[in-house]
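Undergrad: Here you go, entry20.txt (compact mmCIF, C-alpha atoms):
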# COMPACT_ATOMS: atom_id res chain seq x y z
CA MET A 162 0.92 -17.81 6.70
CA ASN A 163 1.25 -21.50 5.82
CA GLN A 164 3.45 -23.46 3.42
CA SER A 165 0.96 -23.17 0.57
CA ASP A 166 1.03 -19.36 0.93
CA THR A 167 4.83 -19.41 0.84
CA ALA A 168 4.78 -21.56 -2.30
CA TYR A 169 2.22 -19.25 -3.93
CA TYR A 170 4.32 -16.12 -3.37
CA ALA A 171 7.57 -17.85 -4.30
CA GLU A 172 6.04 -18.79 -7.65
CA ARG A 173 4.31 -15.43 -8.15
CA TRP A 174 7.35 -13.26 -7.49
CA GLY A 175 9.78 -15.70 -9.07
CA ARG A 176 8.15 -15.14 -12.49
CA PHE A 177 7.79 -11.36 -12.07
CA GLU A 178 9.00 -9.32 -15.05
CA HIS A 179 7.39 -5.86 -15.04
CA ALA A 180 5.13 -3.80 -12.84
CA ASN A 181 1.85 -2.49 -14.30
CA LEU A 182 0.42 1.04 -14.48
CA LEU A 183 -1.46 0.65 -11.19
CA ALA A 184 1.86 -0.15 -9.53
CA LEU A 185 3.27 3.00 -11.14
CA ALA A 186 0.43 5.03 -9.60
CA ARG A 187 1.14 3.51 -6.19
CA ILE A 188 4.89 4.14 -6.18
CA THR A 189 4.25 7.69 -7.45
CA LYS A 190 1.90 8.27 -4.49
CA ILE A 191 4.42 6.77 -2.07
CA LEU A 192 7.22 9.00 -3.37
CA SER A 193 5.00 12.09 -3.15
CA MET A 194 4.17 11.24 0.46
CA MET A 195 7.87 10.88 1.21
CA GLU A 196 8.13 14.56 0.28
CA GLU A 197 5.49 15.36 2.92
CA ALA A 198 7.30 13.43 5.68
CA VAL A 199 10.11 14.94 7.75
CA LEU A 200 12.86 12.50 6.83
CA PRO A 201 16.66 12.64 6.92
CA GLU A 202 18.39 13.34 3.62
CA HIS A 203 19.07 9.62 3.12
CA PRO A 204 16.51 7.74 5.22
CA ARG A 205 16.77 4.09 6.19
CA ILE A 206 13.72 2.42 4.65
CA CYS A 207 11.94 -0.91 5.19
CA ASP A 208 9.65 -2.14 2.41
CA LEU A 209 7.34 -4.41 4.42
CA GLY A 210 5.81 -7.03 2.15
CA CYS A 211 8.07 -6.18 -0.77
CA GLY A 212 6.94 -8.88 -3.21
CA ALA A 213 9.28 -8.98 -6.21
CA GLY A 214 11.31 -6.13 -4.72
CA TRP A 215 10.87 -3.61 -7.53
CA ALA A 216 9.61 -0.88 -5.17
CA THR A 217 12.47 -1.62 -2.77
CA GLY A 218 14.83 -1.05 -5.68
CA ILE A 219 13.31 2.38 -6.31
CA LEU A 220 13.27 3.31 -2.62
CA GLY A 221 16.90 2.21 -2.38
CA ILE A 222 17.87 5.07 -4.68
CA PHE A 223 16.97 7.52 -1.91
CA GLY A 224 18.39 5.69 1.10
CA GLU A 225 19.47 2.34 2.49
CA ALA A 226 16.52 0.00 1.84
CA MET A 227 15.51 -3.44 3.07
CA GLY A 228 12.70 -5.52 1.58
CA VAL A 229 10.89 -8.15 3.66
CA ASP A 230 8.59 -10.76 2.17
CA LEU A 231 7.37 -14.31 2.67
CA ALA A 232 8.86 -15.35 -0.68
CA PRO A 233 12.54 -16.37 -0.95
CA PRO A 234 14.53 -13.26 -1.91
CA GLU A 235 17.05 -14.68 -4.41
CA SER A 236 15.43 -13.14 -7.51
CA ALA A 237 15.06 -9.76 -5.81
CA ARG A 238 18.69 -9.81 -4.72
CA GLN A 239 19.80 -10.47 -8.29
CA ARG A 240 17.64 -7.70 -9.75
CA TYR A 241 18.33 -5.06 -7.08
CA PRO A 242 21.77 -5.75 -5.57
CA HIS A 243 21.93 -2.30 -3.95
CA CYS A 244 19.19 -3.37 -1.49
CA GLU A 245 18.96 -5.91 1.32
CA PHE A 246 16.24 -8.56 1.26
CA VAL A 247 14.94 -10.79 4.02
CA ALA A 248 12.59 -13.79 3.73
CA ALA A 249 10.23 -13.90 6.72
CA ASP A 250 6.66 -14.40 7.81
CA ILE A 251 6.20 -10.80 8.90
CA LEU A 252 3.90 -11.68 11.80
CA GLU A 253 6.56 -14.05 13.19
CA TRP A 254 9.63 -12.02 12.20
CA ARG A 255 12.22 -11.37 14.92
CA TYR A 256 13.45 -7.93 13.91
CA SER A 257 15.77 -5.34 15.41
CA PRO A 258 13.53 -2.58 16.80
CA GLU A 259 13.69 1.11 15.90
CA CYS A 260 16.05 0.68 12.94
CA PHE A 261 14.22 2.64 10.25
CA ASP A 262 13.18 6.19 9.47
CA LEU A 263 10.45 5.03 7.10
CA VAL A 264 8.37 1.88 6.69
CA VAL A 265 6.55 1.45 3.38
CA SER A 266 3.66 -1.00 3.10
CA GLN A 267 2.37 -1.27 -0.45
CA GLU A 268 -0.72 -3.48 -0.92
CA THR A 269 0.19 -5.83 1.94
CA LEU A 270 -2.19 -5.13 4.84
CA GLU A 271 -5.15 -6.60 2.95
CA HIS A 272 -3.29 -9.91 2.57
CA ILE A 273 -3.07 -10.31 6.35
CA ASP A 274 -5.74 -12.21 8.26
CA VAL A 275 -8.16 -9.79 9.97
CA ASN A 276 -6.94 -10.92 13.39
CA GLY A 277 -3.33 -10.25 12.36
CA GLN A 278 -3.69 -6.76 10.90
CA ALA A 279 -3.19 -5.05 14.26
CA ARG A 280 -0.08 -7.19 14.86
CA TYR A 281 1.23 -6.21 11.42
CA LEU A 282 0.92 -2.51 12.26
CA ASP A 283 2.53 -3.12 15.66
CA ILE A 284 5.53 -4.57 13.83
CA ALA A 285 5.63 -1.62 11.43
CA ARG A 286 5.62 0.73 14.42
CA GLY A 287 8.27 -1.28 16.23
CA LEU A 288 10.61 -1.00 13.24
CA LEU A 289 10.54 2.79 13.34
CA HIS A 290 12.73 5.25 15.17
CA GLN A 291 10.88 7.66 17.44
CA ARG A 292 8.77 9.91 15.21
CA GLY A 293 9.51 7.76 12.17
CA TYR A 294 6.94 7.45 9.40
CA LEU A 295 4.74 4.80 7.86
CA ILE A 296 3.45 5.14 4.29
CA LEU A 297 0.75 2.57 3.54
CA THR A 298 -1.37 1.83 0.49
CA THR A 299 -4.20 -0.71 0.41
CA PRO A 300 -7.32 -1.30 -1.74
CA ASN A 301 -10.32 0.83 -0.83
CA ARG A 302 -13.06 -1.54 0.30
CA ARG A 303 -15.84 0.87 -0.65
CA THR A 304 -14.59 1.03 -4.24
CA MET A 305 -13.95 -2.70 -4.45
CA GLU A 306 -17.56 -3.31 -3.38
CA ALA A 307 -18.71 -1.03 -6.23
CA PHE A 308 -17.53 -3.62 -8.75
CA PRO A 309 -20.10 -6.14 -10.02
CA GLY A 310 -19.67 -9.25 -7.90
CA GLY A 311 -18.16 -7.24 -5.05
CA GLY A 312 -14.70 -7.12 -6.60
CA ARG A 313 -13.91 -10.72 -5.69
CA THR A 314 -12.51 -11.45 -9.14
CA TRP A 315 -9.96 -8.63 -8.72
CA SER A 316 -7.28 -10.80 -7.12
CA ASN A 317 -6.41 -14.48 -6.84
CA GLN A 318 -4.18 -14.04 -3.78
CA PRO A 319 -4.83 -16.39 -0.83
CA ILE A 320 -6.17 -13.68 1.52
CA GLU A 321 -8.06 -10.46 0.72
CA ASN A 322 -9.25 -8.39 3.69
CA TRP A 323 -9.98 -4.90 2.43
CA LEU A 324 -10.65 -1.98 4.76
CA TYR A 325 -12.91 1.06 4.60
CA ALA A 326 -11.13 4.38 5.05
CA GLU A 327 -12.57 4.92 8.53
CA GLU A 328 -11.53 1.41 9.58
CA LEU A 329 -7.96 2.09 8.46
CA LYS A 330 -7.85 5.43 10.27
CA LYS A 331 -9.12 3.83 13.47
CA LEU A 332 -6.68 0.92 13.24
CA LEU A 333 -3.68 3.20 12.70
CA ARG A 334 -4.60 5.36 15.68
CA GLN A 335 -5.21 2.34 17.90
CA ARG A 336 -1.75 0.96 17.04
CA GLY A 337 0.09 4.11 18.08
CA PHE A 338 0.28 6.18 14.90
CA HIS A 339 -0.54 9.84 14.39
CA LEU A 340 -2.32 10.16 11.05
CA VAL A 341 -0.73 12.97 9.06
CA GLN A 342 -2.61 12.46 5.82
CA MET A 343 -5.05 10.04 4.23
CA THR A 344 -6.46 10.15 0.74
CA SER A 345 -7.53 7.87 -2.07
CA PHE A 346 -6.12 7.67 -5.56
CA VAL A 347 -6.63 6.03 -8.97
CA LEU A 348 -10.10 7.21 -9.92
CA GLY A 349 -12.46 5.80 -12.52
CA TYR A 350 -13.07 2.35 -11.04
CA GLY A 351 -16.40 1.02 -9.78
CA SER A 352 -19.79 1.09 -11.47
CA LEU A 353 -22.42 0.60 -8.76
CA GLY A 354 -24.33 3.28 -6.83
CA PHE A 355 -22.72 6.74 -6.79
CA TYR A 356 -19.73 5.36 -8.69
CA ARG A 357 -21.89 5.01 -11.79
CA LEU A 358 -22.40 8.79 -11.80
CA ALA A 359 -18.89 9.70 -10.63
CA ASN A 360 -17.28 7.63 -13.38
CA SER A 361 -19.78 8.51 -16.11
CA TYR A 362 -18.06 9.28 -19.41
CA LYS A 363 -20.67 11.91 -20.28
CA LEU A 364 -20.34 13.69 -16.93
CA ASN A 365 -16.56 13.70 -17.04
CA ARG A 366 -16.55 14.92 -20.63
CA PHE A 367 -18.88 17.78 -19.67
CA LEU A 368 -16.75 18.68 -16.65
CA GLY A 369 -13.65 18.57 -18.84
CA LEU A 370 -15.19 20.95 -21.38
CA ALA A 371 -16.24 23.24 -18.52
CA GLY A 372 -12.68 23.23 -17.17
CA VAL A 373 -13.63 21.92 -13.73
CA GLN A 374 -12.80 18.22 -14.04
CA PRO A 375 -9.55 18.55 -11.97
CA VAL A 376 -11.59 20.06 -9.10
CA TRP A 377 -14.15 17.24 -9.35
CA ARG A 378 -11.47 14.54 -9.38
CA SER A 379 -9.65 16.11 -6.44
CA ALA A 380 -12.92 16.14 -4.46
CA LEU A 381 -13.55 12.47 -5.29
CA ALA A 382 -10.04 11.53 -4.13
CA ARG A 383 -10.45 13.39 -0.85
CA ALA A 384 -13.85 11.76 -0.33
CA ASN A 385 -12.20 8.34 -0.75
CA PHE A 386 -13.70 7.24 -4.06
CA GLY A 387 -10.33 6.09 -5.44
CA LEU A 388 -9.35 2.48 -6.02
CA HIS A 389 -6.62 2.64 -3.35
CA LEU A 390 -6.25 4.31 0.04
CA ALA A 391 -2.96 5.96 0.95
CA ALA A 392 -1.97 6.91 4.50
CA LEU A 393 1.00 8.86 5.81
CA ALA A 394 1.34 8.31 9.56
CA ARG A 395 3.97 9.17 12.15
CA LYS A 396 4.96 7.03 15.10
CA ALA A 397 3.27 8.68 18.06
Using structure tokens, write down the structure from this file.
TA:
Amino acid sequence: MNQSDTAYYAERWGRFEHANLLALARITKILSMMEEAVLPEHPRICDLGCGAGWATGILGIFGEAMGVDLAPPESARQRYPHCEFVAADILEWRYSPECFDLVVSQETLEHIDVNGQARYLDIARGLLHQRGYLILTTPNRRTMEAFPGGGRTWSNQPIENWLYAEELKKLLRQRGFHLVQMTSFVLGYGSLGFYRLANSYKLNRFLGLAGVQPVWRSALARANFGLHLAALARKA
């Protein structure tokens, strides 16, 4: 990350007011995956790439939580005083190893240069106690490419390096994680190829009337047709 990236995120998170409904879907998925992990009653949690810190604030209800982001943390500290915040370039961060039971990475991996994504996951792994857990969400490249224009108008952030589901699985395993669960979530996005059928109003209305739409949507999520990918992985 360079100075212009730091300035961008400082301005972006400094003016943050409220999270949107997609953010609600992501934190809901993260909390549900926490239920699937074998965690202590009050886990120590690191929110890696915490942005404005709102998710750190929620995670800090369940255990001691630290948020790490490139942006200066003053606003986050004021909003969520029950949490700790650190300003750091994650790829250069000198951290204390094996301090956390859980690392959460919400929509951060894709904002890392392709050559740095492995390093980012190495850091996430290094932060964890033995058999600690990583919960990671990131945009689903296959769905993003089903937008007209390849989804490039979706974000104005400096770096966007989306991954396919199989790429993410491979990367997690290569960096020393055991993949416990991977799925996709937030359906209904994308209009090219099979997505045109999957997201058809007429089809979904028919399936709803037939009482089988929940089964259809569950199958789409498992087949990674959601907007986001979500992975629960344990330190191997």
Undergrad: Do you know which residues are at most 10 Å from region 196-201 of chain A counting all atoms listed in the file, after dropping those on the same chain fewer than 4 positions away, and could you put them as a ChimeraX atom specification?
TA: /A:191-192,205,224,262-263,292-296,341-342,393-395
Undergrad: My list of candidates is A:Ala249, A:Ile219, A:Leu348, A:Leu388. Which is closest to Glu268 (chain A) when distances are computed with only C-alpha atoms?
TA: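 Of A:Ala249, A:Ile219, A:Leu348, A:Leu388, the one nearest Glu268 (chain A) is A:Leu388, counting only C-alpha atoms.
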Undergrad: Compare A:Ala232, A:Ala392, A:Ala248, A:Ile284 by their minimum atom-to-atom distance to Ser193 (chain A), counting all atoms listed in the file, and give me the closest one.
TA: A:Ala392
Undergrad: Show which residues sit within 10 Å of Leu282 (chain A), as a count of residues only. Count all atoms listed in the file, and ignore same-chain residues fewer than 6 positions away.
TA: 11
Undergrad: If we count only C-alpha atoms and set the cut-off at 10 Å, which residues sit around Leu364 (chain A), ignoring sequence neighbours fewer than 6 positions away in its own chain? Please answer as an MDAnalysis selection string.
TA: chainID A and resid 358 370 374
Undergrad: Store the residues picked out above, limited to C-alpha atoms, as an mmCIF file, in the frame of the given file.
TA:
data_model
loop_
_atom_site.group_PDB
_atom_site.id
_atom_site.type_symbol
_atom_site.label_atom_id
_atom_site.label_comp_id
_atom_site.auth_asym_id
_atom_site.auth_seq_id
_atom_site.Cartn_x
_atom_site.Cartn_y
_atom_site.Cartn_z
ATOM 1 C CA LEU A 358 -22.400 8.790 -11.800
ATOM 2 C CA LEU A 370 -15.190 20.950 -21.380
ATOM 3 C CA GLN A 374 -12.800 18.220 -14.040
#
Undergrad: Could you name the residues that touch Ala171 (chain A) at 8 Å or less, counting all atoms listed in the file, but leaving out those on the same chain fewer than 3 positions away, as a PDB file with C-alpha atoms, keeping the file's coordinate frame?
TA:
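Output file result.pdb follows:
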ATOM      1  CA  THR A 167       4.830 -19.410   0.840  1.00  0.00           C
ATOM      2  CA  ALA A 168       4.780 -21.560  -2.300  1.00  0.00           C
ATOM      3  CA  TRP A 174       7.350 -13.260  -7.490  1.00  0.00           C
ATOM      4  CA  GLY A 175       9.780 -15.700  -9.070  1.00  0.00           C
ATOM      5  CA  LEU A 231       7.370 -14.310   2.670  1.00  0.00           C
ATOM      6  CA  ALA A 232       8.860 -15.350  -0.680  1.00  0.00           C
ATOM      7  CA  PRO A 233      12.540 -16.370  -0.950  1.00  0.00           C
TER       8      PRO A 233
END
Undergrad: Can you measure CA of Ala384 (chain A) to CA of Asn317 (chain A) for me? One decimal in Å is fine.
TA: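 CA of Asn317 (chain A) lies 28.0 Å from CA of Ala384 (chain A).
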Undergrad: Which residues are near Gln291 (chain A)? Cut-off 10 Å, only C-alpha atoms, ignore same chain within fewer than 5 positions. Put them as a VMD selection string.
TA: chain A and resid 259 to 262 286 395 to 397
Undergrad: Between CA of Leu381 (chain A) and CA of Phe355 (chain A), what is the distance in Å, rounded to a tenth?
TA: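 Calculated distance between CA of Leu381 (chain A) and CA of Phe355 (chain A) is 10.9 Å.
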Undergrad: Could you jot down the CA of Lys330 (chain A) to CA of Phe223 (chain A) separation for me, Å, one decimal place?
TA: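 We find that CA of Lys330 (chain A) and CA of Phe223 (chain A) lie 27.7 Å from each other.
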Undergrad: Compare A:Ala213, A:Ala391, A:Gly369, A:Gln318 by their minimum atom-to-atom distance to Thr189 (chain A), counting only C-alpha atoms, and give me the closest one.
TA: A:Ala391
Undergrad: Taking all atoms listed in the file into account, which of A:Leu390, A:Leu368, A:Ala285, A:Ala359 comes nearest Arg303 (chain A)?
TA: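 Checking each candidate against Arg303 (chain A), we get A:Leu390 as the closest.
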Undergrad: Out of A:Asp230, A:Glu321, A:Glu327, A:Glu271, which residue has the shortest atom-to-atom distance to Tyr170 (chain A) when counting all atoms listed in the file?
TA: A:Asp230
Undergrad: Out of A:Pro204, A:Gly310, A:Asp274, A:Arg357, which residue has the shortest atom-to-atom distance to Asn322 (chain A) when counting all atoms listed in the file?
TA: A:Asp274
